[in-house]
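This is final.txt (compact mmCIF, N, CA and C atoms).
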```txt
# COMPACT_ATOMS: atom_id res chain seq x y z
N MET A 1 21.15 20.56 29.72
CA MET A 1 21.25 20.58 28.27
C MET A 1 20.54 21.84 27.80
N SER A 2 21.30 22.78 27.35
CA SER A 2 20.73 24.04 26.89
C SER A 2 20.98 24.19 25.39
N LEU A 3 20.27 25.11 24.79
CA LEU A 3 20.49 25.39 23.38
C LEU A 3 21.71 26.28 23.21
N ASP A 4 22.40 26.10 22.11
CA ASP A 4 23.55 26.93 21.76
C ASP A 4 23.01 28.08 20.92
N VAL A 5 22.64 29.17 21.58
CA VAL A 5 21.96 30.29 20.94
C VAL A 5 23.00 31.28 20.41
N SER A 6 22.91 31.56 19.13
CA SER A 6 23.84 32.52 18.52
C SER A 6 23.51 33.93 19.00
N PRO A 7 24.49 34.83 18.94
CA PRO A 7 24.20 36.22 19.31
C PRO A 7 23.10 36.83 18.44
N ALA A 8 23.05 36.48 17.17
CA ALA A 8 22.02 37.02 16.28
C ALA A 8 20.63 36.56 16.69
N LEU A 9 20.50 35.29 17.07
CA LEU A 9 19.19 34.78 17.49
C LEU A 9 18.79 35.38 18.84
N LEU A 10 19.74 35.54 19.73
CA LEU A 10 19.45 36.18 21.00
C LEU A 10 19.00 37.62 20.78
N GLU A 11 19.65 38.30 19.85
CA GLU A 11 19.26 39.68 19.54
C GLU A 11 17.84 39.73 18.99
N GLN A 12 17.48 38.76 18.14
CA GLN A 12 16.10 38.67 17.63
C GLN A 12 15.12 38.58 18.80
N ALA A 13 15.43 37.69 19.74
CA ALA A 13 14.55 37.49 20.89
C ALA A 13 14.44 38.76 21.73
N GLU A 14 15.54 39.45 21.87
CA GLU A 14 15.52 40.68 22.66
C GLU A 14 14.71 41.78 21.99
N ARG A 15 14.67 41.76 20.65
CA ARG A 15 13.90 42.77 19.90
C ARG A 15 12.41 42.45 19.87
N GLY A 16 12.05 41.20 20.04
CA GLY A 16 10.63 40.82 19.96
C GLY A 16 10.48 39.42 19.43
N GLU A 17 9.67 39.27 18.41
CA GLU A 17 9.37 37.96 17.84
C GLU A 17 10.60 37.34 17.17
N VAL A 18 10.69 36.02 17.30
CA VAL A 18 11.79 35.25 16.72
C VAL A 18 11.27 34.50 15.51
N ASP A 19 12.04 34.50 14.44
CA ASP A 19 11.71 33.72 13.25
C ASP A 19 11.79 32.24 13.62
N GLU A 20 10.69 31.52 13.47
CA GLU A 20 10.68 30.13 13.91
C GLU A 20 11.68 29.27 13.14
N ALA A 21 11.92 29.59 11.89
CA ALA A 21 12.92 28.82 11.13
C ALA A 21 14.30 28.98 11.75
N ASP A 22 14.61 30.15 12.24
CA ASP A 22 15.89 30.36 12.92
C ASP A 22 15.96 29.57 14.23
N PHE A 23 14.84 29.55 14.95
CA PHE A 23 14.78 28.78 16.19
C PHE A 23 14.95 27.29 15.90
N VAL A 24 14.26 26.79 14.88
CA VAL A 24 14.36 25.37 14.52
C VAL A 24 15.79 25.03 14.14
N ASP A 25 16.45 25.92 13.44
CA ASP A 25 17.86 25.68 13.08
C ASP A 25 18.74 25.63 14.33
N CYS A 26 18.43 26.47 15.30
CA CYS A 26 19.17 26.44 16.57
C CYS A 26 18.96 25.10 17.27
N VAL A 27 17.75 24.59 17.26
CA VAL A 27 17.48 23.28 17.85
C VAL A 27 18.24 22.20 17.09
N ARG A 28 18.22 22.26 15.77
CA ARG A 28 18.91 21.27 14.93
C ARG A 28 20.40 21.21 15.26
N THR A 29 21.02 22.34 15.41
CA THR A 29 22.47 22.35 15.67
C THR A 29 22.80 22.09 17.14
N SER A 30 21.89 22.46 18.05
CA SER A 30 22.15 22.28 19.48
C SER A 30 21.85 20.88 19.98
N LEU A 31 20.87 20.23 19.37
CA LEU A 31 20.41 18.92 19.82
C LEU A 31 20.43 17.93 18.65
N PRO A 32 21.62 17.65 18.11
CA PRO A 32 21.69 16.85 16.88
C PRO A 32 21.14 15.43 17.02
N TYR A 33 21.31 14.80 18.15
CA TYR A 33 20.78 13.45 18.31
C TYR A 33 19.25 13.48 18.29
N ALA A 34 18.66 14.38 19.04
CA ALA A 34 17.20 14.50 19.07
C ALA A 34 16.67 14.88 17.69
N TRP A 35 17.35 15.79 17.03
CA TRP A 35 16.94 16.21 15.69
C TRP A 35 16.95 15.02 14.72
N GLU A 36 18.02 14.27 14.73
CA GLU A 36 18.13 13.13 13.82
C GLU A 36 17.07 12.09 14.13
N MET A 37 16.81 11.84 15.39
CA MET A 37 15.80 10.87 15.78
C MET A 37 14.43 11.27 15.23
N ILE A 38 14.03 12.50 15.50
CA ILE A 38 12.72 12.97 15.08
C ILE A 38 12.65 13.09 13.57
N SER A 39 13.71 13.58 12.96
CA SER A 39 13.76 13.71 11.51
C SER A 39 13.61 12.36 10.82
N SER A 40 14.34 11.36 11.31
CA SER A 40 14.28 10.04 10.68
C SER A 40 12.91 9.39 10.90
N LEU A 41 12.31 9.59 12.06
CA LEU A 41 10.98 9.04 12.30
C LEU A 41 9.93 9.71 11.41
N ALA A 42 10.03 11.02 11.25
CA ALA A 42 9.10 11.73 10.37
C ALA A 42 9.25 11.25 8.92
N ALA A 43 10.48 11.04 8.49
CA ALA A 43 10.72 10.55 7.13
C ALA A 43 10.17 9.13 6.97
N ARG A 44 10.38 8.30 7.98
CA ARG A 44 9.87 6.92 7.93
C ARG A 44 8.34 6.91 7.88
N LEU A 45 7.71 7.76 8.67
CA LEU A 45 6.25 7.84 8.66
C LEU A 45 5.75 8.27 7.28
N LYS A 46 6.42 9.25 6.70
CA LYS A 46 6.01 9.74 5.39
C LYS A 46 6.20 8.66 4.32
N GLU A 47 7.30 7.94 4.40
CA GLU A 47 7.62 6.91 3.41
C GLU A 47 6.75 5.67 3.57
N ASP A 48 6.61 5.20 4.80
CA ASP A 48 5.90 3.94 5.05
C ASP A 48 4.40 4.12 5.26
N GLY A 49 4.00 5.32 5.65
CA GLY A 49 2.60 5.53 5.99
C GLY A 49 2.29 4.88 7.33
N GLY A 50 1.06 4.58 7.56
CA GLY A 50 0.66 3.94 8.81
C GLY A 50 0.23 4.95 9.84
N GLU A 51 -0.06 4.42 11.03
CA GLU A 51 -0.58 5.26 12.09
C GLU A 51 0.50 6.02 12.83
N PHE A 52 1.71 5.46 12.90
CA PHE A 52 2.80 6.15 13.58
C PHE A 52 4.11 5.45 13.27
N ALA A 53 5.21 6.14 13.60
CA ALA A 53 6.55 5.55 13.54
C ALA A 53 7.20 5.84 14.88
N ASP A 54 7.90 4.85 15.42
CA ASP A 54 8.52 5.07 16.72
C ASP A 54 9.90 4.45 16.81
N ASN A 55 10.62 4.89 17.82
CA ASN A 55 11.94 4.38 18.13
C ASN A 55 11.86 3.64 19.45
N GLN A 56 12.47 2.44 19.49
CA GLN A 56 12.51 1.70 20.74
C GLN A 56 13.93 1.37 21.17
N THR A 57 14.90 1.95 20.48
CA THR A 57 16.31 1.71 20.80
C THR A 57 16.81 2.79 21.75
N PRO A 58 17.34 2.41 22.89
CA PRO A 58 17.85 3.42 23.82
C PRO A 58 18.96 4.26 23.19
N PRO A 59 19.07 5.51 23.60
CA PRO A 59 20.15 6.37 23.10
C PRO A 59 21.52 5.77 23.44
N PRO A 60 22.54 6.11 22.65
CA PRO A 60 23.86 5.54 22.86
C PRO A 60 24.58 6.07 24.10
N SER A 61 24.09 7.17 24.67
CA SER A 61 24.77 7.78 25.82
C SER A 61 23.77 8.62 26.62
N GLU A 62 24.18 8.98 27.81
CA GLU A 62 23.35 9.86 28.63
C GLU A 62 23.26 11.25 28.00
N PHE A 63 24.31 11.66 27.31
CA PHE A 63 24.29 12.95 26.62
C PHE A 63 23.19 12.96 25.56
N ALA A 64 23.11 11.88 24.78
CA ALA A 64 22.07 11.77 23.75
C ALA A 64 20.69 11.72 24.39
N ARG A 65 20.55 10.95 25.46
CA ARG A 65 19.28 10.87 26.18
C ARG A 65 18.85 12.26 26.67
N GLY A 66 19.80 13.02 27.16
CA GLY A 66 19.51 14.38 27.61
C GLY A 66 18.97 15.25 26.50
N GLN A 67 19.47 15.05 25.29
CA GLN A 67 18.96 15.82 24.15
C GLN A 67 17.50 15.50 23.88
N LEU A 68 17.14 14.22 23.94
CA LEU A 68 15.74 13.84 23.73
C LEU A 68 14.86 14.44 24.82
N LEU A 69 15.31 14.34 26.06
CA LEU A 69 14.53 14.90 27.15
C LEU A 69 14.34 16.40 26.99
N ARG A 70 15.40 17.08 26.61
CA ARG A 70 15.32 18.54 26.42
C ARG A 70 14.35 18.89 25.31
N ALA A 71 14.46 18.20 24.18
CA ALA A 71 13.61 18.51 23.03
C ALA A 71 12.14 18.25 23.32
N LEU A 72 11.85 17.18 24.03
CA LEU A 72 10.45 16.80 24.23
C LEU A 72 9.83 17.38 25.48
N ALA A 73 10.65 17.87 26.40
CA ALA A 73 10.12 18.46 27.63
C ALA A 73 9.84 19.95 27.48
N SER A 74 10.44 20.57 26.50
CA SER A 74 10.23 22.00 26.29
C SER A 74 9.05 22.22 25.36
N ASN A 75 8.05 22.94 25.81
CA ASN A 75 6.89 23.22 24.96
C ASN A 75 7.29 23.96 23.70
N ALA A 76 8.20 24.92 23.81
CA ALA A 76 8.61 25.70 22.64
C ALA A 76 9.34 24.83 21.62
N ILE A 77 10.27 24.01 22.11
CA ILE A 77 11.03 23.16 21.19
C ILE A 77 10.12 22.11 20.59
N ARG A 78 9.37 21.44 21.41
CA ARG A 78 8.48 20.38 20.92
C ARG A 78 7.49 20.92 19.89
N GLY A 79 6.86 22.04 20.20
CA GLY A 79 5.90 22.64 19.28
C GLY A 79 6.54 23.04 17.96
N SER A 80 7.72 23.60 18.02
CA SER A 80 8.41 24.00 16.79
C SER A 80 8.78 22.78 15.95
N LEU A 81 9.21 21.70 16.61
CA LEU A 81 9.53 20.48 15.87
C LEU A 81 8.28 19.88 15.25
N GLU A 82 7.18 19.89 15.97
CA GLU A 82 5.93 19.36 15.40
C GLU A 82 5.51 20.16 14.18
N ARG A 83 5.60 21.47 14.25
CA ARG A 83 5.23 22.30 13.10
C ARG A 83 6.20 22.11 11.95
N HIS A 84 7.47 22.04 12.25
CA HIS A 84 8.49 21.89 11.20
C HIS A 84 8.31 20.58 10.43
N PHE A 85 8.12 19.49 11.15
CA PHE A 85 8.02 18.18 10.51
C PHE A 85 6.58 17.80 10.14
N GLY A 86 5.60 18.59 10.59
CA GLY A 86 4.21 18.31 10.27
C GLY A 86 3.70 17.03 10.91
N VAL A 87 4.08 16.81 12.17
CA VAL A 87 3.69 15.61 12.91
C VAL A 87 3.29 15.99 14.32
N ARG A 88 2.73 15.02 15.03
CA ARG A 88 2.51 15.14 16.47
C ARG A 88 3.51 14.21 17.14
N LEU A 89 4.17 14.70 18.15
CA LEU A 89 5.17 13.91 18.87
C LEU A 89 4.56 13.30 20.12
N ALA A 90 5.00 12.09 20.42
CA ALA A 90 4.62 11.42 21.66
C ALA A 90 5.89 10.82 22.25
N PHE A 91 5.91 10.67 23.57
CA PHE A 91 7.14 10.28 24.25
C PHE A 91 6.80 9.38 25.42
N GLN A 92 7.48 8.25 25.52
CA GLN A 92 7.34 7.34 26.65
C GLN A 92 8.73 7.02 27.19
N ASN A 93 8.80 6.76 28.45
CA ASN A 93 10.06 6.40 29.10
C ASN A 93 11.12 7.43 28.82
N CYS A 94 12.33 6.98 28.58
CA CYS A 94 13.43 7.92 28.39
C CYS A 94 13.94 7.91 26.96
N HIS A 95 13.30 7.14 26.10
CA HIS A 95 13.80 7.08 24.73
C HIS A 95 12.76 6.75 23.68
N ARG A 96 11.60 6.29 24.06
CA ARG A 96 10.62 5.89 23.04
C ARG A 96 9.89 7.11 22.53
N VAL A 97 10.36 7.60 21.40
CA VAL A 97 9.77 8.73 20.72
C VAL A 97 8.91 8.19 19.58
N ALA A 98 7.74 8.77 19.39
CA ALA A 98 6.88 8.39 18.28
C ALA A 98 6.40 9.64 17.57
N VAL A 99 6.21 9.52 16.27
CA VAL A 99 5.62 10.59 15.49
C VAL A 99 4.31 10.07 14.91
N PHE A 100 3.30 10.90 14.99
CA PHE A 100 1.98 10.59 14.46
C PHE A 100 1.62 11.63 13.42
N PRO A 101 0.92 11.23 12.37
CA PRO A 101 0.49 12.23 11.39
C PRO A 101 -0.54 13.18 12.01
N LEU A 102 -0.74 14.31 11.36
CA LEU A 102 -1.73 15.27 11.84
C LEU A 102 -3.15 14.81 11.56
N ASP A 103 -3.31 13.81 10.75
CA ASP A 103 -4.61 13.28 10.35
C ASP A 103 -5.41 12.82 11.57
N PRO A 104 -6.60 13.35 11.76
CA PRO A 104 -7.40 12.96 12.92
C PRO A 104 -7.79 11.48 12.93
N SER A 105 -7.63 10.79 11.82
CA SER A 105 -8.00 9.36 11.79
C SER A 105 -7.13 8.52 12.73
N VAL A 106 -5.99 9.04 13.16
CA VAL A 106 -5.11 8.28 14.06
C VAL A 106 -5.22 8.77 15.51
N ASP A 107 -6.19 9.63 15.79
CA ASP A 107 -6.34 10.17 17.14
C ASP A 107 -6.51 9.06 18.18
N ASP A 108 -7.27 8.03 17.85
CA ASP A 108 -7.47 6.94 18.82
C ASP A 108 -6.15 6.22 19.09
N ARG A 109 -5.34 6.01 18.06
CA ARG A 109 -4.05 5.32 18.25
C ARG A 109 -3.12 6.19 19.09
N LEU A 110 -3.09 7.49 18.84
CA LEU A 110 -2.29 8.41 19.64
C LEU A 110 -2.76 8.39 21.09
N ALA A 111 -4.06 8.39 21.30
CA ALA A 111 -4.60 8.36 22.67
C ALA A 111 -4.18 7.07 23.38
N ARG A 112 -4.19 5.95 22.68
CA ARG A 112 -3.75 4.69 23.31
C ARG A 112 -2.27 4.74 23.64
N PHE A 113 -1.46 5.29 22.73
CA PHE A 113 -0.01 5.38 22.94
C PHE A 113 0.31 6.23 24.16
N THR A 114 -0.41 7.33 24.33
CA THR A 114 -0.11 8.28 25.40
C THR A 114 -0.93 8.04 26.66
N SER A 115 -1.69 6.97 26.69
CA SER A 115 -2.54 6.70 27.86
C SER A 115 -1.73 6.16 29.04
N VAL A 116 -2.34 6.20 30.19
CA VAL A 116 -1.74 5.62 31.39
C VAL A 116 -1.48 4.14 31.14
N ARG A 117 -2.43 3.45 30.54
CA ARG A 117 -2.26 2.03 30.23
C ARG A 117 -1.07 1.81 29.31
N GLY A 118 -0.97 2.63 28.25
CA GLY A 118 0.16 2.52 27.33
C GLY A 118 1.49 2.74 28.02
N GLN A 119 1.52 3.69 28.92
CA GLN A 119 2.75 3.96 29.67
C GLN A 119 3.13 2.76 30.53
N LEU A 120 2.16 2.21 31.23
CA LEU A 120 2.43 1.07 32.10
C LEU A 120 2.87 -0.17 31.32
N LEU A 121 2.27 -0.39 30.17
CA LEU A 121 2.63 -1.56 29.36
C LEU A 121 4.01 -1.42 28.71
N ASN A 122 4.53 -0.22 28.69
CA ASN A 122 5.84 0.03 28.08
C ASN A 122 6.96 0.05 29.12
N GLN A 123 6.70 -0.44 30.31
CA GLN A 123 7.72 -0.45 31.37
C GLN A 123 8.49 -1.77 31.35
N SER A 124 9.70 -1.70 31.84
CA SER A 124 10.50 -2.91 32.03
C SER A 124 11.56 -2.60 33.08
N PRO A 125 12.06 -3.62 33.76
CA PRO A 125 13.10 -3.38 34.78
C PRO A 125 14.35 -2.72 34.18
N GLU A 126 14.65 -2.99 32.92
CA GLU A 126 15.85 -2.41 32.28
C GLU A 126 15.74 -0.90 32.15
N LEU A 127 14.54 -0.40 32.07
CA LEU A 127 14.33 1.04 31.87
C LEU A 127 14.15 1.81 33.18
N ARG A 128 14.19 1.13 34.27
CA ARG A 128 13.90 1.76 35.55
C ARG A 128 14.77 2.98 35.84
N ASP A 129 16.03 2.93 35.50
CA ASP A 129 16.95 4.04 35.79
C ASP A 129 17.33 4.85 34.57
N CYS A 130 16.52 4.81 33.55
CA CYS A 130 16.91 5.54 32.35
C CYS A 130 16.66 7.02 32.49
```
When written as structure tokens, how does the structure in this file appear?
Amino acid sequence: MSLDVSPALLEQAERGEVDEADFVDCVRTSLPYAWEMISSLAARLKEDGGEFADNQTPPPSEFARGQLLRALASNAIRGSLERHFGVRLAFQNCHRVAVFPLDPSVDDRLARFTSVRGQLLNQSPELRDC
């Protein structure tokens, strides 16, 4: 799963620094399922408040799952999405994406979510091959 990089954006990269807004737009158009997932979680967090918002519904296809993996496994993509949406991203298994506010008051909750214990408690036989 690669990004669909326009010639103009590639030219920017070849010249030097890339405008992050252009990169974020490339991610949005290249990884629409991942974008929608993260976008909707960020909106839900903003609307509902709380310590975090997460998704526990598996993606509808392996193609969609690949988009999530690509977005969250790439430091550049993940960092750009966090800055764009003003959240911290966390990821468990093959589909459980969570967004946390930047507020340090939720640091303990984020640490529990991303802990070894949290990972183990979020396992199930159904997710073994995801």
What is the atom C of Ser115 in chain A to atom C of Val97 in chain A distance in Å?
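Value for the atom C of Ser115 in chain A-atom C of Val97 in chain A distance: 14.4 Å.
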I'd like to know which of A:Leu81, A:Ala34, A:Ala13, A:Ala21 is closest to Ala64 in chain A, using only C-alpha atoms.
A:Ala34
Report the residues of range 3-111 of chain A whose backbone DSSP state falls under strand (DSSP E or B), written as a list of chain:residue names.
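Everything in range 3-111 of chain A that counts as strand (DSSP E or B) is A:Ala53, A:Asp54, A:Val87, A:Arg88, A:Leu89, A:Ala90, A:Phe91, A:Gln92, A:Arg96, A:Val97, A:Ala98, A:Val99, A:Phe100, A:Pro101.
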Could you work out how far CA of Gln92 in chain A lies from atom C of Val116 in chain A, giving the answer in Å with one decimal?
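Result for atom C of Val116 in chain A versus CA of Gln92 in chain A: 10.4 Å, one decimal.
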In Å, rounded to a single decimal, give me how far CA of Met37 in chain A is from CA of Phe100 in chain A.
13.9 Å
